[in-house]
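Q: Provided below: structure_1.cif, containing mmCIF, C-alpha atoms.
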data_protein
#
loop_
_atom_site.label_atom_id
_atom_site.label_comp_id
_atom_site.auth_asym_id
_atom_site.auth_seq_id
_atom_site.Cartn_x
_atom_site.Cartn_y
_atom_site.Cartn_z
CA MET M 1 -17.04 24.88 20.42
CA SER M 2 -19.69 25.46 17.82
CA LEU M 3 -20.75 22.57 15.55
CA GLU M 4 -22.30 24.96 13.07
CA MET M 5 -20.85 24.71 9.57
CA ASN M 6 -20.66 28.12 7.93
CA TRP M 7 -20.62 26.94 4.35
CA LYS M 8 -20.76 29.68 1.77
CA GLY M 9 -23.48 29.60 -0.83
CA ASN M 10 -23.19 30.95 -4.35
CA ARG M 11 -24.83 30.61 -7.75
CA ALA M 12 -23.06 27.32 -8.43
CA THR M 13 -24.27 25.73 -5.18
CA ALA M 14 -27.78 27.07 -5.86
CA LEU M 15 -27.74 25.49 -9.32
CA GLY M 16 -26.53 22.19 -7.89
CA LEU M 17 -29.25 22.20 -5.25
CA VAL M 18 -31.96 23.01 -7.80
CA ALA M 19 -30.75 20.07 -9.88
CA ALA M 20 -30.84 17.85 -6.78
CA ALA M 21 -34.37 19.04 -5.93
CA LEU M 22 -35.55 18.28 -9.49
CA LEU M 23 -33.97 14.83 -9.27
CA VAL M 24 -35.76 14.10 -5.98
CA ALA M 25 -39.02 15.39 -7.48
CA ALA M 26 -38.54 13.14 -10.51
CA VAL M 27 -37.92 10.05 -8.37
CA ALA M 28 -40.86 10.85 -6.08
CA GLY M 29 -43.06 11.69 -9.07
CA LYS M 30 -42.27 8.34 -10.71
CA SER M 31 -43.27 6.59 -7.49
CA PHE M 32 -46.52 8.57 -7.18
CA THR M 33 -47.51 8.23 -10.84
CA GLY M 34 -46.83 4.49 -10.60
CA MET M 35 -50.02 4.30 -8.54
CA TRP M 36 -52.07 5.67 -11.43
CA LYS M 37 -51.77 2.31 -13.19
CA ASP M 38 -54.66 -0.07 -12.44
CA ASP M 39 -54.11 -3.47 -10.87
CA VAL M 40 -54.46 -6.22 -13.46
CA LEU M 41 -57.37 -8.60 -12.86
CA VAL M 42 -57.98 -12.03 -14.38
CA PRO M 43 -61.76 -12.58 -14.31
CA ALA M 44 -63.23 -16.07 -14.35
CA PRO M 45 -64.69 -17.25 -17.67
CA GLY M 46 -68.17 -15.88 -18.26
CA PHE M 47 -67.61 -12.38 -16.89
CA GLU M 48 -68.19 -9.44 -19.23
CA ARG M 49 -66.39 -6.18 -18.52
CA HIS M 50 -68.48 -3.02 -18.54
CA MET M 51 -67.85 0.48 -17.23
CA LEU M 52 -70.01 2.34 -14.72
CA SER M 53 -70.41 5.15 -17.28
CA GLU M 54 -72.76 2.82 -19.18
CA TRP M 55 -75.25 3.54 -16.39
CA HIS M 56 -74.32 7.21 -15.88
CA ALA M 57 -72.84 8.61 -19.09
CA PRO M 58 -71.18 11.77 -17.61
CA LEU M 59 -68.68 9.51 -15.82
CA ALA M 60 -67.17 8.44 -19.16
CA GLY M 61 -63.60 9.62 -19.51
CA THR M 62 -63.37 10.76 -15.89
CA PRO M 63 -61.16 9.12 -13.26
CA ALA M 64 -64.35 8.15 -11.39
CA ASP M 65 -65.38 5.66 -14.07
CA THR M 66 -64.76 2.12 -12.84
CA PRO M 67 -65.10 -1.41 -14.23
CA VAL M 68 -68.27 -3.41 -13.58
CA TYR M 69 -67.95 -7.15 -14.28
CA VAL M 70 -71.13 -9.09 -15.00
CA GLN M 71 -71.65 -12.85 -15.20
CA ALA M 72 -75.18 -14.04 -16.01
CA SER M 73 -76.45 -17.58 -16.03
CA SER M 74 -79.03 -18.84 -18.50
CA GLN M 75 -81.06 -19.92 -15.46
CA PRO M 76 -83.23 -17.01 -14.26
CA GLY M 77 -82.83 -15.82 -10.69
CA GLY M 78 -81.74 -12.91 -8.58
CA THR M 79 -79.09 -10.27 -9.24
CA VAL M 80 -76.36 -9.67 -6.67
CA LEU M 81 -73.73 -6.93 -6.68
CA VAL M 82 -70.46 -7.16 -4.75
CA MET M 83 -68.45 -3.95 -4.41
CA GLY M 84 -64.95 -3.72 -2.95
CA GLY M 85 -62.67 -0.73 -2.87
CA THR M 86 -65.00 1.92 -1.53
CA HIS M 87 -62.00 2.59 0.73
CA PRO M 88 -58.81 1.25 -0.91
CA ASN M 89 -56.94 1.31 2.41
CA GLU M 90 -59.21 -1.57 3.47
CA PRO M 91 -57.68 -4.31 1.31
CA ALA M 92 -59.70 -7.33 2.51
CA GLY M 93 -62.82 -5.77 0.98
CA THR M 94 -61.14 -5.25 -2.38
CA LEU M 95 -59.50 -8.68 -2.40
CA ALA M 96 -62.72 -10.47 -1.45
CA ALA M 97 -64.38 -8.88 -4.49
CA VAL M 98 -61.36 -9.77 -6.66
CA LEU M 99 -61.41 -13.38 -5.44
CA LEU M 100 -65.09 -13.71 -6.35
CA LEU M 101 -64.40 -12.13 -9.73
CA GLU M 102 -61.64 -14.61 -10.47
CA LYS M 103 -63.34 -17.76 -9.17
CA ALA M 104 -67.12 -17.45 -9.49
CA ARG M 105 -69.17 -19.69 -11.80
CA VAL M 106 -72.75 -18.46 -11.83
CA ALA M 107 -75.17 -21.39 -12.27
CA GLN M 108 -78.33 -19.40 -11.57
CA GLY M 109 -79.07 -15.67 -11.55
CA ARG M 110 -76.57 -12.91 -12.16
CA LEU M 111 -73.48 -11.71 -10.31
CA MET M 112 -72.04 -8.22 -10.72
CA VAL M 113 -68.64 -7.30 -9.26
CA VAL M 114 -67.20 -3.80 -8.83
CA PRO M 115 -63.70 -4.44 -7.49
CA PHE M 116 -62.55 -0.80 -7.39
CA GLY M 117 -65.53 1.10 -5.97
CA ASN M 118 -63.74 4.43 -5.70
CA HIS M 119 -61.20 4.18 -8.49
CA MET M 120 -59.99 7.72 -7.66
CA ALA M 121 -58.89 6.63 -4.19
CA PHE M 122 -56.65 3.84 -5.55
CA THR M 123 -54.24 6.31 -7.16
CA HIS M 124 -52.69 7.70 -3.96
CA ASN M 125 -51.99 6.99 -0.30
CA ASP M 126 -53.27 8.84 2.74
CA PRO M 127 -50.61 11.45 3.62
CA GLN M 128 -48.63 10.86 6.82
CA GLU M 129 -49.99 7.33 7.38
CA GLY M 130 -46.83 5.56 6.24
CA ALA M 131 -48.89 2.99 4.34
CA PRO M 132 -47.23 0.82 1.69
CA GLN M 133 -48.16 1.56 -1.92
CA ARG M 134 -48.73 -2.11 -2.72
CA ILE M 135 -49.13 -5.49 -1.11
CA HIS M 136 -47.99 -8.72 -2.73
CA LEU M 137 -49.71 -12.10 -2.69
CA LYS M 138 -48.09 -15.40 -3.61
CA LEU M 139 -50.04 -17.52 -6.08
CA ALA M 140 -50.33 -21.31 -6.28
CA ASP M 141 -47.87 -21.43 -9.19
CA GLY M 142 -45.24 -19.55 -7.18
CA SER M 143 -45.73 -16.25 -9.01
CA THR M 144 -46.63 -13.02 -7.22
CA ARG M 145 -49.39 -10.49 -7.81
CA ALA M 146 -49.39 -6.93 -6.51
CA PHE M 147 -52.42 -4.96 -5.37
CA LYS M 148 -52.52 -1.29 -4.52
CA TYR M 149 -53.09 -0.09 -0.98
CA GLY M 150 -54.77 3.23 -1.58
CA SER M 151 -56.51 5.89 0.41
CA ARG M 152 -59.85 6.31 2.12
CA ALA M 153 -60.49 9.43 0.08
CA THR M 154 -60.69 10.49 -3.53
CA ASN M 155 -57.33 11.71 -4.86
CA PRO M 156 -57.18 15.52 -4.53
CA ILE M 157 -55.80 15.76 -8.06
CA ASP M 158 -59.22 14.48 -9.20
CA GLN M 159 -61.42 16.47 -6.80
CA TRP M 160 -60.47 19.45 -4.69
CA PRO M 161 -60.62 21.55 -2.59
CA ASP M 162 -62.58 20.04 0.28
CA PRO M 163 -64.78 22.56 2.09
CA ASP M 164 -64.57 23.19 5.84
CA VAL M 165 -67.94 21.50 6.25
CA TYR M 166 -69.41 18.87 3.96
CA ILE M 167 -73.18 19.03 3.74
CA HIS M 168 -74.78 15.79 2.56
CA PRO M 169 -76.97 16.99 -0.32
CA GLN M 170 -80.12 14.99 0.40
CA SER M 171 -80.26 15.28 4.20
CA GLY M 172 -78.38 18.46 5.03
CA GLN M 173 -76.28 16.44 7.50
CA GLU M 174 -73.06 18.30 8.33
CA LEU M 175 -69.77 16.45 8.40
CA SER M 176 -66.08 17.32 8.37
CA GLY M 177 -65.14 18.81 5.00
CA LYS M 178 -62.84 15.93 4.08
CA GLU M 179 -65.86 13.60 3.99
CA ARG M 180 -66.82 15.15 0.65
CA SER M 181 -64.06 12.95 -0.78
CA ASN M 182 -65.38 9.82 0.97
CA LEU M 183 -67.54 7.69 -1.32
CA ASN M 184 -69.30 6.18 1.67
CA ARG M 185 -70.69 9.55 2.70
CA ALA M 186 -71.75 10.48 -0.83
CA HIS M 187 -74.66 8.11 -1.46
CA PRO M 188 -77.11 8.26 -3.14
CA GLY M 189 -75.09 10.87 -4.99
CA THR M 190 -75.99 13.68 -7.35
CA LYS M 191 -76.23 13.83 -11.13
CA GLU M 192 -73.78 16.73 -11.26
CA GLY M 193 -71.24 18.24 -8.92
CA PRO M 194 -68.10 16.78 -7.33
CA LEU M 195 -66.93 13.52 -8.91
CA THR M 196 -67.36 11.48 -5.73
CA LEU M 197 -71.04 12.44 -5.59
CA GLN M 198 -71.43 11.65 -9.30
CA LEU M 199 -69.78 8.27 -8.73
CA ALA M 200 -72.29 7.49 -5.97
CA TYR M 201 -75.08 8.53 -8.34
CA GLY M 202 -73.72 6.16 -11.01
CA LEU M 203 -73.71 3.28 -8.54
CA ARG M 204 -77.31 4.02 -7.61
CA GLU M 205 -78.27 4.09 -11.29
CA LEU M 206 -76.62 0.68 -11.70
CA LEU M 207 -78.65 -0.75 -8.80
CA VAL M 208 -81.92 0.68 -10.10
CA LYS M 209 -81.55 -0.06 -13.81
CA GLU M 210 -80.24 -3.59 -13.28
CA LYS M 211 -82.83 -4.32 -10.55
CA VAL M 212 -80.14 -5.55 -8.16
CA ASP M 213 -81.74 -7.62 -5.39
CA LEU M 214 -78.85 -7.78 -2.94
CA ALA M 215 -75.78 -5.50 -2.84
CA PHE M 216 -72.62 -5.78 -0.76
CA ASP M 217 -70.23 -2.98 0.15
CA LEU M 218 -67.08 -4.53 1.65
CA HIS M 219 -65.02 -2.66 4.23
CA GLU M 220 -62.46 -2.95 6.99
CA ALA M 221 -62.09 -0.93 10.18
CA SER M 222 -59.71 -0.48 13.08
CA PRO M 223 -59.85 -3.26 15.73
CA GLU M 224 -60.65 -0.58 18.33
CA TYR M 225 -63.73 0.54 16.36
CA PRO M 226 -67.01 -0.91 17.71
CA VAL M 227 -68.45 -1.82 14.30
CA VAL M 228 -65.93 -4.45 13.30
CA ASN M 229 -66.27 -8.11 12.29
CA ALA M 230 -69.77 -6.93 11.63
CA ILE M 231 -72.65 -7.02 9.19
CA VAL M 232 -74.53 -3.72 8.94
CA ALA M 233 -78.02 -4.21 7.54
CA HIS M 234 -80.79 -1.90 6.40
CA GLU M 235 -84.28 -2.75 7.69
CA LYS M 236 -85.15 -4.48 4.42
CA SER M 237 -81.99 -6.66 4.63
CA MET M 238 -82.33 -7.43 8.33
CA GLU M 239 -84.23 -10.71 8.18
CA LEU M 240 -81.78 -12.19 5.68
CA ALA M 241 -78.80 -10.80 7.61
CA ALA M 242 -80.10 -12.32 10.86
CA VAL M 243 -80.35 -15.77 9.26
CA VAL M 244 -76.83 -15.39 7.83
CA THR M 245 -75.38 -14.22 11.16
CA MET M 246 -76.79 -17.27 12.92
CA GLU M 247 -75.47 -19.61 10.25
CA LEU M 248 -72.03 -18.00 10.40
CA GLU M 249 -72.08 -18.35 14.19
CA GLY M 250 -72.84 -22.05 13.69
CA GLN M 251 -69.73 -22.28 11.49
CA GLY M 252 -67.65 -20.65 14.22
CA ILE M 253 -67.39 -17.30 12.40
CA ALA M 254 -68.68 -14.68 14.81
CA MET M 255 -70.07 -11.57 13.08
CA ARG M 256 -71.98 -8.84 14.90
CA LEU M 257 -75.26 -7.82 13.35
CA GLU M 258 -75.76 -4.06 13.44
CA PRO M 259 -78.86 -2.18 12.28
CA SER M 260 -78.15 0.67 9.86
CA PRO M 261 -78.69 3.89 11.84
CA LYS M 262 -81.49 5.92 10.25
CA ASN M 263 -79.83 9.25 11.02
CA LEU M 264 -76.37 8.41 9.66
CA ARG M 265 -76.66 9.51 6.06
CA GLY M 266 -74.64 9.02 2.93
CA LEU M 267 -73.64 5.42 3.59
CA THR M 268 -74.50 2.46 1.33
CA HIS M 269 -76.35 0.49 4.01
CA ARG M 270 -78.72 3.44 4.52
CA GLU M 271 -79.06 5.16 1.14
CA TRP M 272 -79.12 2.10 -1.14
CA GLY M 273 -81.90 0.71 1.03
CA ASP M 274 -83.87 3.97 1.17
CA THR M 275 -83.58 4.97 -2.49
CA THR M 276 -83.61 1.66 -4.41
CA ASP M 277 -85.31 -1.75 -4.22
CA THR M 278 -81.96 -3.33 -3.33
CA MET M 279 -81.28 -5.02 0.00
CA PRO M 280 -77.95 -3.46 1.02
CA ILE M 281 -75.34 -5.09 3.24
CA LEU M 282 -72.13 -3.47 4.47
CA MET M 283 -69.53 -5.72 6.07
CA GLU M 284 -66.48 -4.86 8.17
CA THR M 285 -63.43 -6.90 9.14
CA ALA M 286 -60.61 -5.78 11.45
CA ASN M 287 -57.53 -4.25 9.84
CA PRO M 288 -54.78 -3.25 12.31
CA SER M 289 -52.85 -1.43 9.54
CA GLN M 290 -55.48 1.32 9.48
CA GLY M 291 -55.93 1.54 13.25
CA ARG M 292 -54.74 4.44 15.38
CA LEU M 293 -52.91 2.25 17.91
CA ARG M 294 -50.58 0.63 15.43
CA GLY M 295 -46.82 0.87 15.41
CA ARG M 296 -44.66 0.45 12.32
CA THR M 297 -46.85 0.47 9.23
CA ASP M 298 -45.62 -1.68 6.39
CA GLU M 299 -46.68 -4.46 4.05
CA ALA M 300 -46.08 -7.08 6.74
CA LEU M 301 -48.58 -5.37 9.03
CA VAL M 302 -51.20 -5.30 6.26
CA LEU M 303 -50.64 -9.00 5.50
CA THR M 304 -50.37 -10.33 9.06
CA GLY M 305 -52.04 -7.74 11.27
CA ARG M 306 -49.33 -8.52 13.83
CA ASP M 307 -48.69 -5.55 16.10
CA LYS M 308 -47.40 -5.32 19.69
CA ALA M 309 -49.53 -2.30 20.52
CA TYR M 310 -52.70 -4.16 19.52
CA ALA M 311 -51.67 -7.15 21.63
CA LYS M 312 -51.32 -4.78 24.58
CA ALA M 313 -54.65 -3.10 23.81
CA MET M 314 -56.27 -6.55 23.75
CA GLY M 315 -54.87 -7.21 27.23
CA LEU M 316 -56.37 -3.92 28.40
CA GLY M 317 -59.77 -4.85 26.97
CA ARG M 318 -59.76 -1.99 24.46
CA LEU M 319 -60.54 -3.95 21.29
CA PHE M 320 -63.76 -5.14 19.73
CA ILE M 321 -62.30 -8.35 18.30
CA ASN M 322 -60.64 -11.35 19.89
CA TYR M 323 -57.11 -10.31 18.91
CA GLN M 324 -54.64 -13.11 19.59
CA GLY M 325 -51.49 -11.44 18.34
CA ASP M 326 -52.41 -11.10 14.68
CA GLN M 327 -55.28 -10.62 12.23
CA PRO M 328 -54.08 -11.92 8.86
CA LEU M 329 -55.38 -10.55 5.60
CA ASP M 330 -56.33 -14.10 4.55
CA LEU M 331 -58.57 -14.45 7.61
CA ARG M 332 -60.22 -11.10 6.85
CA VAL M 333 -60.79 -12.02 3.18
CA ALA M 334 -62.16 -15.42 4.26
CA ARG M 335 -64.66 -13.72 6.56
CA HIS M 336 -65.98 -11.52 3.74
CA VAL M 337 -66.08 -14.28 1.14
CA THR M 338 -67.72 -16.84 3.45
CA ALA M 339 -70.32 -14.37 4.63
CA ILE M 340 -71.19 -13.50 1.01
CA LYS M 341 -71.48 -17.21 0.18
CA VAL M 342 -73.86 -17.76 3.10
CA PHE M 343 -75.92 -14.74 2.00
CA LEU M 344 -76.17 -16.15 -1.54
CA ASP M 345 -77.18 -19.58 -0.21
CA ASN M 346 -79.94 -18.09 1.92
CA LEU M 347 -81.25 -15.45 -0.49
CA GLY M 348 -83.24 -18.02 -2.46
CA LEU M 349 -84.50 -19.72 0.70
CA LEU M 350 -86.14 -16.52 1.93
CA TYR M 351 -87.00 -15.10 -1.50
CA PRO M 352 -87.28 -17.98 -4.03
CA GLU M 353 -87.64 -15.64 -7.04
CA LYS M 354 -84.31 -14.04 -6.15
CA ALA M 355 -82.35 -17.30 -5.88
CA ILE M 356 -78.76 -17.23 -7.10
CA LEU M 357 -76.31 -20.11 -7.31
CA VAL M 358 -72.62 -19.31 -7.50
CA GLU M 359 -70.11 -22.16 -7.62
CA GLY M 360 -66.34 -22.17 -7.35
CA ILE M 361 -66.09 -19.97 -4.25
CA PRO M 362 -63.36 -21.32 -1.96
CA ASP M 363 -64.40 -22.14 1.59
CA TYR M 364 -63.30 -20.39 4.77
CA ALA M 365 -60.78 -23.01 5.91
CA SER M 366 -59.12 -23.14 2.48
CA ILE M 367 -58.65 -19.37 2.25
CA VAL M 368 -57.30 -19.15 5.80
CA GLY M 369 -55.13 -22.25 5.42
CA GLN M 370 -53.79 -21.84 1.89
CA GLY M 371 -53.91 -18.06 1.51
CA THR M 372 -55.92 -15.74 -0.71
CA GLY M 373 -53.25 -15.75 -3.39
CA THR M 374 -53.64 -19.50 -3.89
CA PHE M 375 -57.09 -18.86 -5.35
CA LEU M 376 -56.17 -15.98 -7.66
CA ASN M 377 -55.38 -16.57 -11.33
CA PRO M 378 -51.85 -16.08 -12.66
CA LEU M 379 -51.30 -12.96 -14.71
CA GLY M 380 -50.38 -15.14 -17.67
CA ASN M 381 -54.14 -15.59 -18.13
CA ALA M 382 -54.82 -11.84 -18.10
CA ASN M 383 -56.97 -10.69 -21.00
CA MET X 1 -60.43 27.43 -12.99
CA MET X 2 -59.64 26.94 -9.30
CA THR X 3 -57.00 24.36 -10.22
CA LEU X 4 -55.38 26.70 -12.72
CA ALA X 5 -55.24 29.48 -10.12
CA TYR X 6 -53.71 27.04 -7.62
CA ARG X 7 -51.06 25.94 -10.09
CA GLY X 8 -50.35 29.56 -10.94
CA VAL X 9 -49.81 30.40 -7.27
CA ALA X 10 -47.58 27.32 -6.82
CA LEU X 11 -45.54 28.38 -9.88
CA LEU X 12 -45.16 31.92 -8.54
CA VAL X 13 -43.99 30.65 -5.14
CA ALA X 14 -41.55 28.26 -6.85
CA LEU X 15 -40.08 31.14 -8.86
CA LEU X 16 -39.72 33.26 -5.71
CA VAL X 17 -37.98 30.37 -3.94
CA LEU X 18 -35.62 30.01 -6.90
CA ARG X 19 -34.85 33.73 -6.80
CA CYS X 20 -34.11 33.53 -3.08
CA MET X 21 -31.86 30.51 -3.58
CA PHE X 22 -29.74 32.28 -6.19
CA ARG X 23 -29.42 35.43 -4.06
CA GLU X 24 -28.73 33.58 -0.79
CA LYS X 25 -25.14 33.49 0.52
CA ASP X 26 -25.75 30.82 3.19
CA PHE X 27 -25.52 27.30 1.77
CA TRP X 28 -27.85 25.78 4.37
CA LYS X 29 -30.56 28.33 3.60
CA GLN X 30 -30.18 27.34 -0.06
CA VAL X 31 -30.69 23.71 1.01
CA THR X 32 -33.88 24.78 2.78
CA GLY X 33 -35.06 26.39 -0.44
CA ALA X 34 -34.32 23.19 -2.37
CA LEU X 35 -36.43 21.19 0.10
CA VAL X 36 -39.33 23.59 -0.37
CA LEU X 37 -38.98 23.29 -4.15
CA VAL X 38 -39.67 19.52 -4.26
CA PRO X 39 -43.38 19.55 -3.26
CA LEU X 40 -43.95 22.73 -5.28
CA VAL X 41 -42.69 21.02 -8.44
CA LEU X 42 -44.92 17.98 -7.75
CA ARG X 43 -47.94 20.23 -7.27
CA ILE X 44 -47.30 22.38 -10.34
CA LEU X 45 -47.18 19.16 -12.39
CA MET X 46 -50.31 17.82 -10.61
CA VAL X 47 -48.50 14.65 -9.59
CA LYS X 48 -49.30 14.93 -5.90
#
Turn the structure described in the file into structure tokens.
A:
Amino acid sequence: MSLEMNWKGNRATALGLVAAALLVAAVAGKSFTGMWKDDVLVPAPGFERHMLSEWHAPLAGTPADTPVYVQASSQPGGTVLVMGGTHPNEPAGTLAAVLLLEKARVAQGRLMVVPFGNHMAFTHNDPQEGAPQRIHLKLADGSTRAFKYGSRATNPIDQWPDPDVYIHPQSGQELSGKERSNLNRAHPGTKEGPLTLQLAYGLRELLVKEKVDLAFDLHEASPEYPVVNAIVAHEKSMELAAVVTMELEGQGIAMRLEPSPKNLRGLTHREWGDTTDTMPILMETANPSQGRLRGRTDEALVLTGRDKAYAKAMGLGRLFINYQGDQPLDLRVARHVTAIKVFLDNLGLLYPEKAILVEGIPDYASIVGQGTGTFLNPLGNAN
Amino acid sequence: MMTLAYRGVALLVALLVLRCMFREKDFWKQVTGALVLVPLVLRILMVK
């Protein structure tokens, strides 16, 4: 017996199906365009909001332009930049920058925060990864705030097509074509050309014109990736990074210290160090929701990092972190924030003229114990 | 320019799919056409 249904088609059924297709497209389109709206931030008092286009005018009016928040103390000192969101599918980096933005009180020097490094990558998800569009954090007052979980790459509606081979402009290094949409292969950028390269150029202009002494680029990586729970330092940042790594170790927060490879081009820890006076630092925490071994991918996985496949991989000795069944977002944010705090504390010890004092940053145990959301400001205070 | 050409091609393909759907006598092949139409519409409108 055949189960095939020989339904007849005609103009009426075609019309009905076209209407159904348009309805599905409308619903899907509403969901996709919902990601074009920026997350609302509630900066701490004292921060001024600027746009990156103030340092590279051609970015004005483009989707690559991104907010730069600046808080300066009346006490002279160093200038530090913290950038999250180079890769918006690495939420601990973004949220660590957001937490600093919403809590920091600068008592000496100047703090600059770029929470959405690649703004163009926040407006879509990676296809076929099953990632949630947003994650939600509970605040101390019981309210909830949502943050986008974006893509590693610039949205193709802003920059396309990718070539078969991406050639890094300054070095001639050849990479897979999709890397042309990866901000962390675009540094130090170019004045003209694809938006991602222009964005990188704007960031470099910011570092140079503002004489930034120390700059952070916050990331996450798969637990099976060797450079994870790690600080990657350029030669000029290495002494400071070594001191910080030892101090973190003393606090029970193990972070690997990795030298920036000289032949791996286009990344912040290499190009910012080579082309500016800044000491660049890139940091990585372990995010199971972007790993290749993961199972079901949903908001719970992003928030808890709990995954059976990773537990099994840990048993087989395949991971580069001590995975004990989970890897919560709060722990990952705490690692970033605490490491930044230790860097700030030690910057002035090694380089007194670059000293910076930032108060109000929650400590490691508080973030892990009470949750990142506890330290974010309610949206009622949004300005 | 490249984007305009892309959208033009997507529009042309969408129109051809529509033509096929209205000429097709098999309902399930019409359903297939409707499925193809969804991403084409999103691309013509530069939503995805």
Q: On this structure, the PyMOL selection byres ((chain M) within 6 of (chain X)) would catch which residues? List them as a PDB file with C-alpha atoms, in the coordinates of the input, sorted by chain and number.
A:
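File produced: result30.pdb:
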ATOM      1  CA  TRP M   7     -20.620  26.940   4.350  1.00  0.00           C
ATOM      2  CA  LYS M   8     -20.760  29.680   1.770  1.00  0.00           C
ATOM      3  CA  GLY M   9     -23.480  29.600  -0.830  1.00  0.00           C
ATOM      4  CA  ASN M  10     -23.190  30.950  -4.350  1.00  0.00           C
ATOM      5  CA  ARG M  11     -24.830  30.610  -7.750  1.00  0.00           C
ATOM      6  CA  ALA M  14     -27.780  27.070  -5.860  1.00  0.00           C
ATOM      7  CA  LEU M  17     -29.250  22.200  -5.250  1.00  0.00           C
ATOM      8  CA  VAL M  18     -31.960  23.010  -7.800  1.00  0.00           C
ATOM      9  CA  ALA M  21     -34.370  19.040  -5.930  1.00  0.00           C
ATOM     10  CA  ALA M  25     -39.020  15.390  -7.480  1.00  0.00           C
TER      11      ALA M  25
END
Q: Find the distance between CA of Glu210 in chain M and CA of Phe122 in chain M and write it in Å to one decimal.
A: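 Computed distance, CA of Glu210 in chain M to CA of Phe122 in chain M, equals 25.9 Å.
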Q: Excluding range 182-192 of chain M and any residue of its chain fewer than 4 positions from it, enumerate the residues within 10 Å of it, using all atoms listed in the file, and give them as a PyMOL selection string.
A: chain M and resi 56+58-59+85-87+117-118+120-121+151-154+166-170+175+177-178+196-205+217+264-276
Q: If the PyMOL selection byres ((chain M and resi 295) around 12) is run on the structure shown, which residues does it catch, given as a list in words?
A: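 Against this file, the PyMOL selection byres ((chain M and resi 295) around 12) returns the residues Glu129, Gly130, Ala131, Pro288, Ser289, Gln290, Gly291, Arg292, Leu293, Arg294, Arg296, Thr297, Asp298, Ala300, Leu301, Val302, Gly305, Arg306, Asp307, Lys308, Ala309, Tyr310, Ala311 and Lys312 of chain M.
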Q: I need the residue set behind the PyMOL selection byres ((chain M and resi 351) around 12) for this file; please write it as number ranges by chain.
A: M: 77-78, 213-214, 237, 239-240, 279, 343-350, 352-356
Q: M:Ala107, M:Leu101, M:Gly93, M:Ala286: which is nearest Val228 in chain M, counting only C-alpha atoms?
A: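 That would be M:Ala286, the residue with the smallest distance to Val228 in chain M.
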Q: How many Å lie between CA of Ala140 in chain M and CA of Met35 in chain M, rounded to one decimal?
A: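 The value is 25.7 Å.
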Q: What gap, in Å, lies between CA of Lys148 in chain M and CA of Gly325 in chain M?
A: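 Straight-line distance from CA of Lys148 in chain M to CA of Gly325 in chain M works out to 25.0 Å.
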Q: Write out as JSON an axis-aligned box for range 267-286 of chain M: all of its atoms listed in the file, 6 Å added on each side, centre and edge lengths in Å with one decimal.
A:
{"center_x": -73.0, "center_y": -0.7, "center_z": 3.5, "size_x": 36.7, "size_y": 24.3, "size_z": 27.9}
Q: For Val98 in chain M, please output as a PDB file with C-alpha atoms, in the frame of the given file all residues within 9 Å (counting only C-alpha atoms; exclusion window: fewer than 6 positions along the same chain).
A:
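This went into out_20.pdb:
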ATOM      1  CA  LEU M  41     -57.370  -8.600 -12.860  1.00  0.00           C
ATOM      2  CA  VAL M  42     -57.980 -12.030 -14.380  1.00  0.00           C
ATOM      3  CA  PRO M  43     -61.760 -12.580 -14.310  1.00  0.00           C
ATOM      4  CA  GLY M  84     -64.950  -3.720  -2.950  1.00  0.00           C
ATOM      5  CA  VAL M 113     -68.640  -7.300  -9.260  1.00  0.00           C
ATOM      6  CA  VAL M 114     -67.200  -3.800  -8.830  1.00  0.00           C
ATOM      7  CA  PRO M 115     -63.700  -4.440  -7.490  1.00  0.00           C
ATOM      8  CA  LEU M 376     -56.170 -15.980  -7.660  1.00  0.00           C
TER       9      LEU M 376
END
Q: Excluding Ala241 in chain M and residues on its chain fewer than 6 positions from it, collect all residues at most 10 Å away from it, counting only C-alpha atoms, and give them as a ChimeraX atom specification.
A: /M:231-235,247,257-259,279-281,339,342-343,346-347
Q: Generate the missing atoms of range 76-83 of chain M up to N, CA and C atoms and report them as a short mmCIF file (atom, residue, chain, number, x, y, z; two decimals), keeping the file's coordinate frame.
A:
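Here's the written file rebuild_28.cif:
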data_model
loop_
_atom_site.label_atom_id
_atom_site.label_comp_id
_atom_site.auth_asym_id
_atom_site.auth_seq_id
_atom_site.Cartn_x
_atom_site.Cartn_y
_atom_site.Cartn_z
N PRO M 76 -82.80 -18.26 -14.89
CA PRO M 76 -83.23 -17.01 -14.26
C PRO M 76 -83.14 -17.06 -12.73
N GLY M 77 -82.95 -15.90 -12.15
CA GLY M 77 -82.83 -15.82 -10.69
C GLY M 77 -82.57 -14.39 -10.27
N GLY M 78 -81.99 -14.24 -9.12
CA GLY M 78 -81.74 -12.91 -8.58
C GLY M 78 -80.47 -12.28 -9.14
N THR M 79 -80.31 -10.99 -8.86
CA THR M 79 -79.09 -10.27 -9.24
C THR M 79 -78.41 -9.76 -7.98
N VAL M 80 -77.13 -10.07 -7.86
CA VAL M 80 -76.36 -9.67 -6.67
C VAL M 80 -75.16 -8.85 -7.11
N LEU M 81 -74.91 -7.77 -6.41
CA LEU M 81 -73.73 -6.93 -6.68
C LEU M 81 -72.77 -7.01 -5.50
N VAL M 82 -71.50 -7.18 -5.80
CA VAL M 82 -70.46 -7.16 -4.75
C VAL M 82 -69.50 -6.03 -5.09
N MET M 83 -69.35 -5.08 -4.18
CA MET M 83 -68.45 -3.95 -4.41
C MET M 83 -67.34 -3.93 -3.36
#
